[in-house]
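Shown next: input-v3.cif, containing mmCIF, C-alpha atoms; chains and numbers go by the auth columns.
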data_model
loop_
_atom_site.group_PDB
_atom_site.id
_atom_site.type_symbol
_atom_site.label_atom_id
_atom_site.label_comp_id
_atom_site.label_asym_id
_atom_site.label_seq_id
_atom_site.Cartn_x
_atom_site.Cartn_y
_atom_site.Cartn_z
_atom_site.B_iso_or_equiv
_atom_site.auth_seq_id
_atom_site.auth_asym_id
ATOM 1 C CA MET A 1 2.808 -28.425 5.907 0.00 1004 G
ATOM 2 C CA HIS A 2 6.533 -28.647 6.635 0.00 1005 G
ATOM 3 C CA PHE A 3 8.756 -25.966 5.076 0.00 1006 G
ATOM 4 C CA LYS A 4 10.524 -28.502 2.851 0.00 1007 G
ATOM 5 C CA ASN A 5 7.197 -29.883 1.694 0.00 1008 G
ATOM 6 C CA LYS A 6 6.171 -26.390 0.589 0.00 1009 G
ATOM 7 C CA LEU A 7 9.286 -26.094 -1.531 0.00 1010 G
ATOM 8 C CA LEU A 8 8.682 -29.507 -3.065 0.00 1011 G
ATOM 9 C CA VAL A 9 5.074 -28.683 -3.947 0.00 1012 G
ATOM 10 C CA ILE A 10 6.126 -25.374 -5.486 0.00 1013 G
ATOM 11 C CA CYS A 11 8.813 -27.043 -7.581 0.00 1014 G
ATOM 12 C CA LEU A 12 6.446 -29.762 -8.708 0.00 1015 G
ATOM 13 C CA LEU A 13 4.046 -27.065 -9.887 0.00 1016 G
ATOM 14 C CA PHE A 14 6.787 -25.954 -12.244 0.00 1017 G
ATOM 15 C CA VAL A 15 8.019 -29.363 -13.328 0.00 1018 G
ATOM 16 C CA VAL A 16 4.989 -31.672 -13.455 0.00 1019 G
ATOM 17 C CA PRO A 17 2.902 -30.006 -16.192 0.00 1020 G
ATOM 18 C CA SER A 18 5.727 -30.256 -18.714 0.00 1021 G
ATOM 19 C CA TRP A 19 5.951 -34.027 -18.582 0.00 1022 G
ATOM 20 C CA ALA A 20 2.672 -35.395 -17.208 0.00 1023 G
ATOM 21 C CA GLN A 21 0.346 -36.944 -19.769 0.00 1024 G
ATOM 22 C CA THR A 22 -3.140 -38.272 -19.325 0.00 1025 G
ATOM 23 C CA LEU A 23 -4.202 -41.502 -20.973 0.00 1026 G
ATOM 24 C CA PRO A 24 -7.572 -42.689 -22.243 0.00 1027 G
ATOM 25 C CA PRO A 25 -9.383 -44.323 -19.316 0.00 1028 G
ATOM 26 C CA PRO A 26 -8.642 -48.063 -19.155 0.00 1029 G
ATOM 27 C CA ASP A 27 -11.421 -50.486 -18.402 0.00 1030 G
ATOM 28 C CA LYS A 28 -12.208 -51.362 -14.802 0.00 1031 G
ATOM 29 C CA ALA A 29 -10.862 -54.910 -15.134 0.00 1032 G
ATOM 30 C CA GLN A 30 -7.441 -53.608 -16.221 0.00 1033 G
ATOM 31 C CA ILE A 31 -7.300 -51.130 -13.353 0.00 1034 G
ATOM 32 C CA GLN A 32 -8.233 -53.834 -10.863 0.00 1035 G
ATOM 33 C CA LYS A 33 -5.592 -56.211 -12.236 0.00 1036 G
ATOM 34 C CA THR A 34 -2.838 -53.584 -12.172 0.00 1037 G
ATOM 35 C CA VAL A 35 -3.623 -52.267 -8.687 0.00 1038 G
ATOM 36 C CA THR A 36 -3.826 -55.802 -7.315 0.00 1039 G
ATOM 37 C CA GLN A 37 -0.392 -56.544 -8.756 0.00 1040 G
ATOM 38 C CA LEU A 38 1.038 -53.328 -7.317 0.00 1041 G
ATOM 39 C CA LEU A 39 -0.388 -53.866 -3.818 0.00 1042 G
ATOM 40 C CA PRO A 40 -0.535 -57.564 -2.925 0.00 1043 G
ATOM 41 C CA SER A 41 -1.246 -58.467 0.691 0.00 1044 G
ATOM 42 C CA ARG A 42 1.956 -58.305 2.759 0.00 1045 G
ATOM 43 C CA ASN A 43 4.099 -56.119 4.999 0.00 1046 G
ATOM 44 C CA TYR A 44 6.022 -53.290 3.309 0.00 1047 G
ATOM 45 C CA THR A 45 8.890 -51.021 4.182 0.00 1048 G
ATOM 46 C CA VAL A 46 7.630 -47.630 3.025 0.00 1049 G
ATOM 47 C CA ALA A 47 9.914 -44.712 2.243 0.00 1050 G
ATOM 48 C CA ILE A 48 8.236 -41.402 3.061 0.00 1051 G
ATOM 49 C CA MET A 49 9.337 -39.104 0.247 0.00 1052 G
ATOM 50 C CA ASP A 50 8.485 -35.801 1.907 0.00 1053 G
ATOM 51 C CA GLY A 51 11.978 -34.304 1.864 0.00 1054 G
ATOM 52 C CA VAL A 52 13.660 -32.361 -0.870 0.00 1055 G
ATOM 53 C CA THR A 53 17.276 -31.856 -1.828 0.00 1056 G
ATOM 54 C CA MET A 54 18.379 -29.198 -4.241 0.00 1057 G
ATOM 55 C CA ASN A 55 21.216 -27.106 -5.525 0.00 1058 G
ATOM 56 C CA PRO A 56 22.034 -24.454 -2.849 0.00 1059 G
ATOM 57 C CA ARG A 57 21.576 -21.665 -5.372 0.00 1060 G
ATOM 58 C CA LEU A 58 18.194 -23.085 -6.395 0.00 1061 G
ATOM 59 C CA GLN A 59 17.144 -23.168 -2.754 0.00 1062 G
ATOM 60 C CA VAL A 60 17.918 -19.441 -2.413 0.00 1063 G
ATOM 61 C CA LEU A 61 15.875 -18.683 -5.526 0.00 1064 G
ATOM 62 C CA MET A 62 12.989 -20.910 -4.448 0.00 1065 G
ATOM 63 C CA LEU A 63 12.827 -19.180 -1.055 0.00 1066 G
ATOM 64 C CA LYS A 64 12.544 -15.811 -2.780 0.00 1067 G
ATOM 65 C CA PHE A 65 9.925 -17.255 -5.100 0.00 1068 G
ATOM 66 C CA GLN A 66 7.950 -18.661 -2.176 0.00 1069 G
ATOM 67 C CA GLN A 67 8.021 -15.318 -0.381 0.00 1070 G
ATOM 68 C CA GLY A 68 6.899 -13.582 -3.552 0.00 1071 G
ATOM 69 C CA ILE A 69 3.788 -15.673 -4.074 0.00 1072 G
ATOM 70 C CA GLN A 70 2.922 -15.489 -0.371 0.00 1073 G
ATOM 71 C CA LYS A 71 2.869 -11.703 -0.673 0.00 1074 G
ATOM 72 C CA ASN A 72 0.959 -11.845 -3.953 0.00 1075 G
ATOM 73 C CA PRO A 73 -1.741 -14.549 -3.824 0.00 1076 G
ATOM 74 C CA ASP A 74 -2.932 -13.531 -7.274 0.00 1077 G
ATOM 75 C CA VAL A 75 0.311 -14.961 -8.642 0.00 1078 G
ATOM 76 C CA ALA A 76 -0.403 -18.319 -6.993 0.00 1079 G
ATOM 77 C CA GLN A 77 -3.738 -18.265 -8.788 0.00 1080 G
ATOM 78 C CA ALA A 78 -1.990 -17.548 -12.088 0.00 1081 G
ATOM 79 C CA ILE A 79 0.328 -20.509 -11.469 0.00 1082 G
ATOM 80 C CA GLN A 80 -2.640 -22.809 -10.946 0.00 1083 G
ATOM 81 C CA LYS A 81 -4.268 -21.605 -14.161 0.00 1084 G
ATOM 82 C CA ALA A 82 -1.006 -22.074 -16.066 0.00 1085 G
ATOM 83 C CA ALA A 83 -0.676 -25.594 -14.690 0.00 1086 G
ATOM 84 C CA ALA A 84 -4.216 -26.456 -15.755 0.00 1087 G
ATOM 85 C CA ALA A 85 -3.511 -25.133 -19.256 0.00 1088 G
ATOM 86 C CA LYS A 86 -0.054 -26.790 -19.350 0.00 1089 G
ATOM 87 C CA GLN A 87 1.514 -23.417 -20.055 0.00 1090 G
ATOM 88 C CA PHE A 88 4.973 -23.805 -18.564 0.00 1091 G
ATOM 89 C CA PRO A 89 7.267 -22.201 -17.914 0.00 1092 G
ATOM 90 C CA MET A 90 4.818 -19.397 -17.257 0.00 1093 G
ATOM 91 C CA PRO A 91 5.825 -15.883 -18.394 0.00 1094 G
ATOM 92 C CA TYR A 92 7.949 -13.830 -16.039 0.00 1095 G
ATOM 93 C CA ASP A 93 6.089 -11.667 -13.525 0.00 1096 G
ATOM 94 C CA ARG A 94 7.960 -9.372 -11.151 0.00 1097 G
ATOM 95 C CA ARG A 95 5.494 -10.312 -8.396 0.00 1098 G
ATOM 96 C CA LEU A 96 7.129 -13.750 -8.314 0.00 1099 G
ATOM 97 C CA GLY A 97 9.750 -12.197 -6.048 0.00 1100 G
ATOM 98 C CA LEU A 98 12.603 -12.684 -8.514 0.00 1101 G
ATOM 99 C CA THR A 99 14.308 -10.574 -11.117 0.00 1102 G
ATOM 100 C CA LYS A 100 13.862 -11.778 -14.683 0.00 1103 G
ATOM 101 C CA ALA A 101 17.459 -13.061 -14.681 0.00 1104 G
ATOM 102 C CA GLU A 102 16.859 -14.952 -11.426 0.00 1105 G
ATOM 103 C CA TYR A 103 13.623 -16.431 -12.765 0.00 1106 G
ATOM 104 C CA GLU A 104 15.399 -17.687 -15.886 0.00 1107 G
ATOM 105 C CA GLU A 105 18.236 -19.050 -13.754 0.00 1108 G
ATOM 106 C CA MET A 106 15.743 -20.929 -11.577 0.00 1109 G
ATOM 107 C CA GLN A 107 14.140 -22.508 -14.633 0.00 1110 G
ATOM 108 C CA VAL A 108 17.544 -23.642 -15.934 0.00 1111 G
ATOM 109 C CA LEU A 109 18.391 -25.250 -12.582 0.00 1112 G
ATOM 110 C CA ILE A 110 15.035 -27.028 -12.464 0.00 1113 G
ATOM 111 C CA ASP A 111 15.521 -28.264 -16.045 0.00 1114 G
ATOM 112 C CA LYS A 112 18.930 -29.614 -15.029 0.00 1115 G
ATOM 113 C CA ARG A 113 17.187 -31.719 -12.373 0.00 1116 G
ATOM 114 C CA GLU A 114 18.859 -29.833 -9.550 0.00 1117 G
ATOM 115 C CA ILE A 115 15.959 -30.768 -7.284 0.00 1118 G
ATOM 116 C CA LYS A 116 14.613 -34.135 -6.239 0.00 1119 G
ATOM 117 C CA SER A 117 12.372 -35.755 -3.680 0.00 1120 G
ATOM 118 C CA VAL A 118 14.140 -37.728 -0.949 0.00 1121 G
ATOM 119 C CA SER A 119 13.033 -39.984 1.857 0.00 1122 G
ATOM 120 C CA THR A 120 13.076 -38.557 5.372 0.00 1123 G
ATOM 121 C CA CYS A 121 12.366 -41.906 7.037 0.00 1124 G
ATOM 122 C CA THR A 122 10.828 -45.344 6.523 0.00 1125 G
ATOM 123 C CA GLN A 123 7.926 -47.022 8.283 0.00 1126 G
ATOM 124 C CA GLN A 124 6.248 -50.406 8.198 0.00 1127 G
ATOM 125 C CA VAL A 125 2.854 -50.651 6.522 0.00 1128 G
ATOM 126 C CA THR A 126 0.630 -53.701 6.136 0.00 1129 G
ATOM 127 C CA VAL A 127 -1.552 -54.087 3.054 0.00 1130 G
ATOM 128 C CA THR A 128 -4.471 -56.499 2.976 0.00 1131 G
ATOM 129 C CA ASN A 129 -6.292 -57.303 -0.235 0.00 1132 G
ATOM 130 C CA GLN A 130 -9.396 -59.362 0.372 0.00 1133 G
ATOM 131 C CA ALA A 131 -12.049 -59.858 -2.294 0.00 1134 G
ATOM 132 C CA GLY A 132 -10.905 -56.733 -4.107 0.00 1135 G
ATOM 133 C CA ILE A 133 -10.873 -54.501 -1.018 0.00 1136 G
ATOM 134 C CA ILE A 134 -7.413 -53.067 -0.320 0.00 1137 G
ATOM 135 C CA ARG A 135 -6.715 -51.622 3.112 0.00 1138 G
ATOM 136 C CA PHE A 136 -3.641 -50.110 4.753 0.00 1139 G
ATOM 137 C CA THR A 137 -2.589 -50.519 8.366 0.00 1140 G
ATOM 138 C CA ALA A 138 -0.136 -47.830 9.418 0.00 1141 G
ATOM 139 C CA LYS A 139 0.650 -45.690 12.446 0.00 1142 G
ATOM 140 C CA ASP A 140 2.670 -42.715 13.650 0.00 1143 G
ATOM 141 C CA LYS A 141 3.591 -40.434 10.764 0.00 1144 G
ATOM 142 C CA LEU A 142 1.505 -42.497 8.321 0.00 1145 G
ATOM 143 C CA ALA A 143 -1.551 -42.909 10.523 0.00 1146 G
ATOM 144 C CA MET A 144 -3.711 -41.031 7.987 0.00 1147 G
ATOM 145 C CA LEU A 145 -2.950 -43.755 5.417 0.00 1148 G
ATOM 146 C CA SER A 146 -5.115 -46.133 7.446 0.00 1149 G
ATOM 147 C CA ASP A 147 -8.120 -43.925 6.632 0.00 1150 G
ATOM 148 C CA PHE A 148 -7.725 -44.663 2.897 0.00 1151 G
ATOM 149 C CA TRP A 149 -8.975 -47.864 1.284 0.00 1152 G
ATOM 150 C CA LEU A 150 -9.745 -49.005 -2.252 0.00 1153 G
ATOM 151 C CA ASP A 151 -12.640 -50.982 -3.647 0.00 1154 G
ATOM 152 C CA THR A 152 -11.226 -52.341 -6.898 0.00 1155 G
ATOM 153 C CA ASN A 153 -14.540 -54.032 -7.730 0.00 1156 G
ATOM 154 C CA ARG A 154 -16.236 -50.633 -7.957 0.00 1157 G
ATOM 155 C CA ASN A 155 -13.116 -48.800 -9.124 0.00 1158 G
ATOM 156 C CA GLU A 156 -13.314 -46.287 -6.296 0.00 1159 G
ATOM 157 C CA ALA A 157 -11.322 -45.263 -3.248 0.00 1160 G
ATOM 158 C CA HIS A 158 -12.525 -44.152 0.169 0.00 1161 G
ATOM 159 C CA VAL A 159 -11.317 -41.951 2.986 0.00 1162 G
ATOM 160 C CA GLY A 160 -13.605 -41.660 5.974 0.00 1163 G
ATOM 161 C CA GLU A 161 -17.121 -41.074 4.638 0.00 1164 G
ATOM 162 C CA HIS A 162 -15.882 -39.695 1.316 0.00 1165 G
ATOM 163 C CA ILE A 163 -15.962 -41.698 -1.928 0.00 1166 G
ATOM 164 C CA LEU A 164 -13.113 -40.927 -4.337 0.00 1167 G
ATOM 165 C CA THR A 165 -14.173 -41.654 -7.906 0.00 1168 G
ATOM 166 C CA PHE A 166 -11.740 -42.664 -10.633 0.00 1169 G
ATOM 167 C CA ASP A 167 -10.266 -39.526 -12.178 0.00 1170 G
ATOM 168 C CA GLN A 168 -7.634 -40.516 -14.724 0.00 1171 G
ATOM 169 C CA ALA A 169 -4.724 -42.698 -15.767 0.00 1172 G
ATOM 170 C CA LEU A 170 -1.334 -40.990 -15.758 0.00 1173 G
ATOM 171 C CA ASP A 171 1.717 -41.662 -17.901 0.00 1174 G
ATOM 172 C CA ILE A 172 4.830 -39.682 -16.966 0.00 1175 G
ATOM 173 C CA THR A 173 7.207 -40.494 -19.788 0.00 1176 G
ATOM 174 C CA ASP A 174 10.102 -38.204 -18.870 0.00 1177 G
ATOM 175 C CA SER A 175 12.442 -38.770 -15.934 0.00 1178 G
ATOM 176 C CA LYS A 176 12.894 -35.002 -15.532 0.00 1179 G
ATOM 177 C CA ASN A 177 10.891 -34.775 -12.329 0.00 1180 G
ATOM 178 C CA ALA A 178 11.348 -34.912 -8.569 0.00 1181 G
ATOM 179 C CA TYR A 179 11.394 -38.750 -8.574 0.00 1182 G
ATOM 180 C CA GLU A 180 14.083 -38.923 -11.290 0.00 1183 G
ATOM 181 C CA SER A 181 12.094 -41.573 -13.111 0.00 1184 G
ATOM 182 C CA ALA A 182 9.226 -42.041 -15.474 0.00 1185 G
ATOM 183 C CA TRP A 183 6.141 -43.501 -13.791 0.00 1186 G
ATOM 184 C CA THR A 184 2.583 -44.554 -14.487 0.00 1187 G
ATOM 185 C CA GLY A 185 -0.444 -44.610 -12.267 0.00 1188 G
ATOM 186 C CA TYR A 186 -4.140 -44.206 -11.587 0.00 1189 G
ATOM 187 C CA ARG A 187 -5.787 -41.371 -9.672 0.00 1190 G
ATOM 188 C CA TRP A 188 -8.984 -41.239 -7.634 0.00 1191 G
ATOM 189 C CA GLU A 189 -10.351 -37.974 -6.245 0.00 1192 G
ATOM 190 C CA PHE A 190 -13.134 -36.437 -4.177 0.00 1193 G
ATOM 191 C CA THR A 191 -13.837 -32.704 -4.169 0.00 1194 G
ATOM 192 C CA THR A 192 -16.565 -30.491 -2.839 0.00 1195 G
ATOM 193 C CA PRO A 193 -17.684 -28.239 -4.344 0.00 1196 G
ATOM 194 C CA LYS A 194 -17.626 -30.538 -7.344 0.00 1197 G
ATOM 195 C CA ASP A 195 -14.962 -29.561 -9.886 0.00 1198 G
ATOM 196 C CA LEU A 196 -13.229 -27.478 -7.228 0.00 1199 G
ATOM 197 C CA ASP A 197 -10.767 -25.056 -8.815 0.00 1200 G
ATOM 198 C CA LEU A 198 -9.014 -22.669 -6.436 0.00 1201 G
ATOM 199 C CA ALA A 199 -7.883 -20.654 -9.448 0.00 1202 G
ATOM 200 C CA ASN A 200 -11.449 -19.335 -9.712 0.00 1203 G
ATOM 201 C CA TYR A 201 -11.443 -17.810 -6.217 0.00 1204 G
ATOM 202 C CA ASN A 202 -10.265 -14.419 -5.049 0.00 1205 G
ATOM 203 C CA MET A 203 -7.000 -15.396 -3.378 0.00 1206 G
ATOM 204 C CA ARG A 204 -6.978 -12.200 -1.328 0.00 1207 G
ATOM 205 C CA ASP A 205 -10.250 -13.027 0.403 0.00 1208 G
ATOM 206 C CA LEU A 206 -11.008 -16.683 1.025 0.00 1209 G
ATOM 207 C CA SER A 207 -13.165 -16.104 4.111 0.00 1210 G
ATOM 208 C CA ASN A 208 -16.206 -17.556 2.350 0.00 1211 G
ATOM 209 C CA LEU A 209 -14.400 -20.591 0.979 0.00 1212 G
ATOM 210 C CA ASN A 210 -15.459 -23.986 2.281 0.00 1213 G
ATOM 211 C CA ALA A 211 -13.929 -26.886 0.406 0.00 1214 G
ATOM 212 C CA THR A 212 -12.771 -30.477 0.751 0.00 1215 G
ATOM 213 C CA MET A 213 -10.424 -32.440 -1.453 0.00 1216 G
ATOM 214 C CA TYR A 214 -8.940 -35.911 -1.059 0.00 1217 G
ATOM 215 C CA ARG A 215 -6.840 -37.739 -3.628 0.00 1218 G
ATOM 216 C CA ILE A 216 -4.936 -40.998 -3.925 0.00 1219 G
ATOM 217 C CA ILE A 217 -2.615 -42.123 -6.707 0.00 1220 G
ATOM 218 C CA ILE A 218 -1.443 -45.719 -7.095 0.00 1221 G
ATOM 219 C CA GLY A 219 1.368 -46.204 -9.569 0.00 1222 G
ATOM 220 C CA LYS A 220 4.724 -47.705 -10.423 0.00 1223 G
ATOM 221 C CA ILE A 221 8.161 -46.077 -10.558 0.00 1224 G
ATOM 222 C CA THR A 222 9.718 -47.257 -13.817 0.00 1225 G
ATOM 223 C CA LYS A 223 13.341 -46.925 -12.714 0.00 1226 G
ATOM 224 C CA THR A 224 13.099 -49.013 -9.534 0.00 1227 G
ATOM 225 C CA GLY A 225 9.880 -50.978 -9.905 0.00 1228 G
ATOM 226 C CA GLN A 226 8.639 -49.606 -6.577 0.00 1229 G
ATOM 227 C CA THR A 227 4.949 -49.033 -5.999 0.00 1230 G
ATOM 228 C CA LEU A 228 4.081 -45.359 -5.658 0.00 1231 G
ATOM 229 C CA VAL A 229 1.256 -44.270 -3.383 0.00 1232 G
ATOM 230 C CA GLN A 230 0.493 -40.554 -3.170 0.00 1233 G
ATOM 231 C CA ILE A 231 -2.109 -39.332 -0.725 0.00 1234 G
ATOM 232 C CA LYS A 232 -3.401 -35.798 -0.408 0.00 1235 G
ATOM 233 C CA GLY A 233 -5.996 -34.236 1.862 0.00 1236 G
ATOM 234 C CA MET A 234 -7.287 -30.695 2.214 0.00 1237 G
ATOM 235 C CA GLU A 235 -10.218 -29.277 4.143 0.00 1238 G
ATOM 236 C CA ILE A 236 -10.948 -25.553 4.293 0.00 1239 G
ATOM 237 C CA GLU A 237 -13.542 -23.996 6.593 0.00 1240 G
ATOM 238 C CA SER A 238 -14.304 -20.297 6.131 0.00 1241 G
ATOM 239 C CA GLY A 239 -10.964 -19.829 4.428 0.00 1242 G
ATOM 240 C CA VAL A 240 -8.945 -21.648 7.108 0.00 1243 G
ATOM 241 C CA ARG A 241 -7.221 -24.936 6.330 0.00 1244 G
ATOM 242 C CA THR A 242 -8.169 -27.478 8.982 0.00 1245 G
ATOM 243 C CA VAL A 243 -6.646 -30.465 7.154 0.00 1246 G
ATOM 244 C CA SER A 244 -3.593 -30.256 4.911 0.00 1247 G
ATOM 245 C CA PHE A 245 -1.217 -33.033 3.869 0.00 1248 G
ATOM 246 C CA GLU A 246 0.383 -34.337 0.708 0.00 1249 G
ATOM 247 C CA THR A 247 2.677 -37.311 1.011 0.00 1250 G
ATOM 248 C CA PRO A 248 4.366 -39.425 -1.686 0.00 1251 G
ATOM 249 C CA LEU A 249 5.278 -42.958 -0.565 0.00 1252 G
ATOM 250 C CA PHE A 250 7.503 -45.616 -2.128 0.00 1253 G
ATOM 251 C CA PHE A 251 6.492 -49.186 -1.189 0.00 1254 G
ATOM 252 C CA GLU A 252 9.225 -51.849 -1.184 0.00 1255 G
#
Go through the file and emit its structure as structure tokens.
Amino acid sequence: MHFKNKLLVICLLFVVPSWAQTLPPPDKAQIQKTVTQLLPSRNYTVAIMDGVTMNPRLQVLMLKFQQGIQKNPDVAQAIQKAAAAKQFPMPYDRRLGLTKAEYEEMQVLIDKREIKSVSTCTQQVTVTNQAGIIRFTAKDKLAMLSDFWLDTNRNEAHVGEHILTFDQALDITDSKNAYESAWTGYRWEFTTPKDLDLANYNMRDLSNLNATMYRIIIGKITKTGQTLVQIKGMEIESGVRTVSFETPLFFE
């Protein structure tokens, strides 16, 4: 993963749990109708939102934070558990690589929205929606998007041989996030082992870890009306990541 992407993911770990809400699962017909409206068949200019811009001081603090959790994998595990429990901001821990004053300063800067996701480039993507089957045709930097497709009739997504089952509806009501907008969406996910939770593993010894996770989110950015597509893939073999990407996309 690119250096900037790492910073973005770290920051989202701090920001997302405070404003993300899950909704009761809508019925399949409503999901199909919404997704069809968000992704009609046509050519799109897609902004790849894998860059990050931030306050220079925040960048210094985030670099120290990143170095801290790299040296102390147990802290990364604690962050994941805090995120799952929606306990943010998590209590100060000196292993984060920051002094308590620096940690509090970082939280203030994040709360002031001194970080946001930005587009590094745009690419052309074709979407076809035939009989409820939505496919993407993309190349170059977005070639992996072509491996994802949705079957709205069954309310499931696919990537390669993996079936991503419907996970949840999301309602982000606060604009205090990397996209600077509220947004709503649906998420499909495949994991093996089932109910994969890296927070339950010894982060200092992952040599026995074999895991796969793929996820796709289809949603709408409230502020601009753009369609949001987030794709994520991770494969780990004997503790080594062989596949790793996480890319937010804005379709126009």
Can you list what the PyMOL selection byres ((chain G and resi 1140-1155) around 8) grabs from this structure, as JSON, numbers by chain? {"G": [1034, 1035, 1038, 1126, 1127, 1128, 1129, 1130, 1135, 1136, 1137, 1138, 1139, 1156, 1157, 1158, 1159, 1160, 1161, 1162, 1163, 1234]}
Take the selection from the previous step and output its residues with C-alpha atoms, as a compact mmCIF listing (two decimals), keeping the file's coordinate frame.
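After the write, again_24.txt holds the following:
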# COMPACT_ATOMS: atom_id res chain seq x y z
CA ILE G 1034 -7.30 -51.13 -13.35
CA GLN G 1035 -8.23 -53.83 -10.86
CA VAL G 1038 -3.62 -52.27 -8.69
CA GLN G 1126 7.93 -47.02 8.28
CA GLN G 1127 6.25 -50.41 8.20
CA VAL G 1128 2.85 -50.65 6.52
CA THR G 1129 0.63 -53.70 6.14
CA VAL G 1130 -1.55 -54.09 3.05
CA GLY G 1135 -10.90 -56.73 -4.11
CA ILE G 1136 -10.87 -54.50 -1.02
CA ILE G 1137 -7.41 -53.07 -0.32
CA ARG G 1138 -6.72 -51.62 3.11
CA PHE G 1139 -3.64 -50.11 4.75
CA ASN G 1156 -14.54 -54.03 -7.73
CA ARG G 1157 -16.24 -50.63 -7.96
CA ASN G 1158 -13.12 -48.80 -9.12
CA GLU G 1159 -13.31 -46.29 -6.30
CA ALA G 1160 -11.32 -45.26 -3.25
CA HIS G 1161 -12.52 -44.15 0.17
CA VAL G 1162 -11.32 -41.95 2.99
CA GLY G 1163 -13.60 -41.66 5.97
CA ILE G 1234 -2.11 -39.33 -0.72
Can you list, as a PyMOL selection string, every protein, DNA or RNA residue that comes within 8 Å of Glu1240 in chain G when you count all atoms listed in the file, leaving out same-chain residues fewer than 6 positions away? chain G and resi 1212-1214
Do you know which residues are at most 10 Å from range 1105-1116 of chain G counting all atoms listed in the file, after dropping those on the same chain fewer than 6 positions away, and could you put them as a PyMOL selection string? chain G and resi 1014-1015+1017-1018+1057-1058+1060-1065+1067-1068+1092+1094-1097+1099+1178-1183
Identify, on the basis of only C-alpha atoms, every residue whose closest approach to Thr1056 in chain G does not exceed 10 Å; exclude the query and any residue fewer than 2 positions from it along the same chain; express the result as a list in words. Lys1007, Leu1010, Leu1011, Gly1054, Asn1058, Pro1059, Leu1061, Gln1062, Glu1117, Ile1118, Lys1119, Ser1120, Val1121, Ser1122 and Ala1181 of chain G
Can you translate the PyMOL selection byres ((chain G and resi 1043) around 9) into the concrete residues it hits in this file, as JSON, numbers by chain? {"G": [1038, 1039, 1040, 1041, 1042, 1044, 1045, 1130, 1131, 1132, 1137]}
Could you take the residues named above and write them with C-alpha atoms, as a compact mmCIF listing (two decimals), in the coordinates of the input?
# COMPACT_ATOMS: atom_id res chain seq x y z
CA VAL G 1038 -3.62 -52.27 -8.69
CA THR G 1039 -3.83 -55.80 -7.32
CA GLN G 1040 -0.39 -56.54 -8.76
CA LEU G 1041 1.04 -53.33 -7.32
CA LEU G 1042 -0.39 -53.87 -3.82
CA SER G 1044 -1.25 -58.47 0.69
CA ARG G 1045 1.96 -58.30 2.76
CA VAL G 1130 -1.55 -54.09 3.05
CA THR G 1131 -4.47 -56.50 2.98
CA ASN G 1132 -6.29 -57.30 -0.24
CA ILE G 1137 -7.41 -53.07 -0.32
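Nearest-residue note for Phe1253 in chain G: choosing from G:Leu1167, G:Met1052, G:Met1093, G:Ala1104, the minimum distance belongs to G:Met1052, counting all atoms listed in the file.
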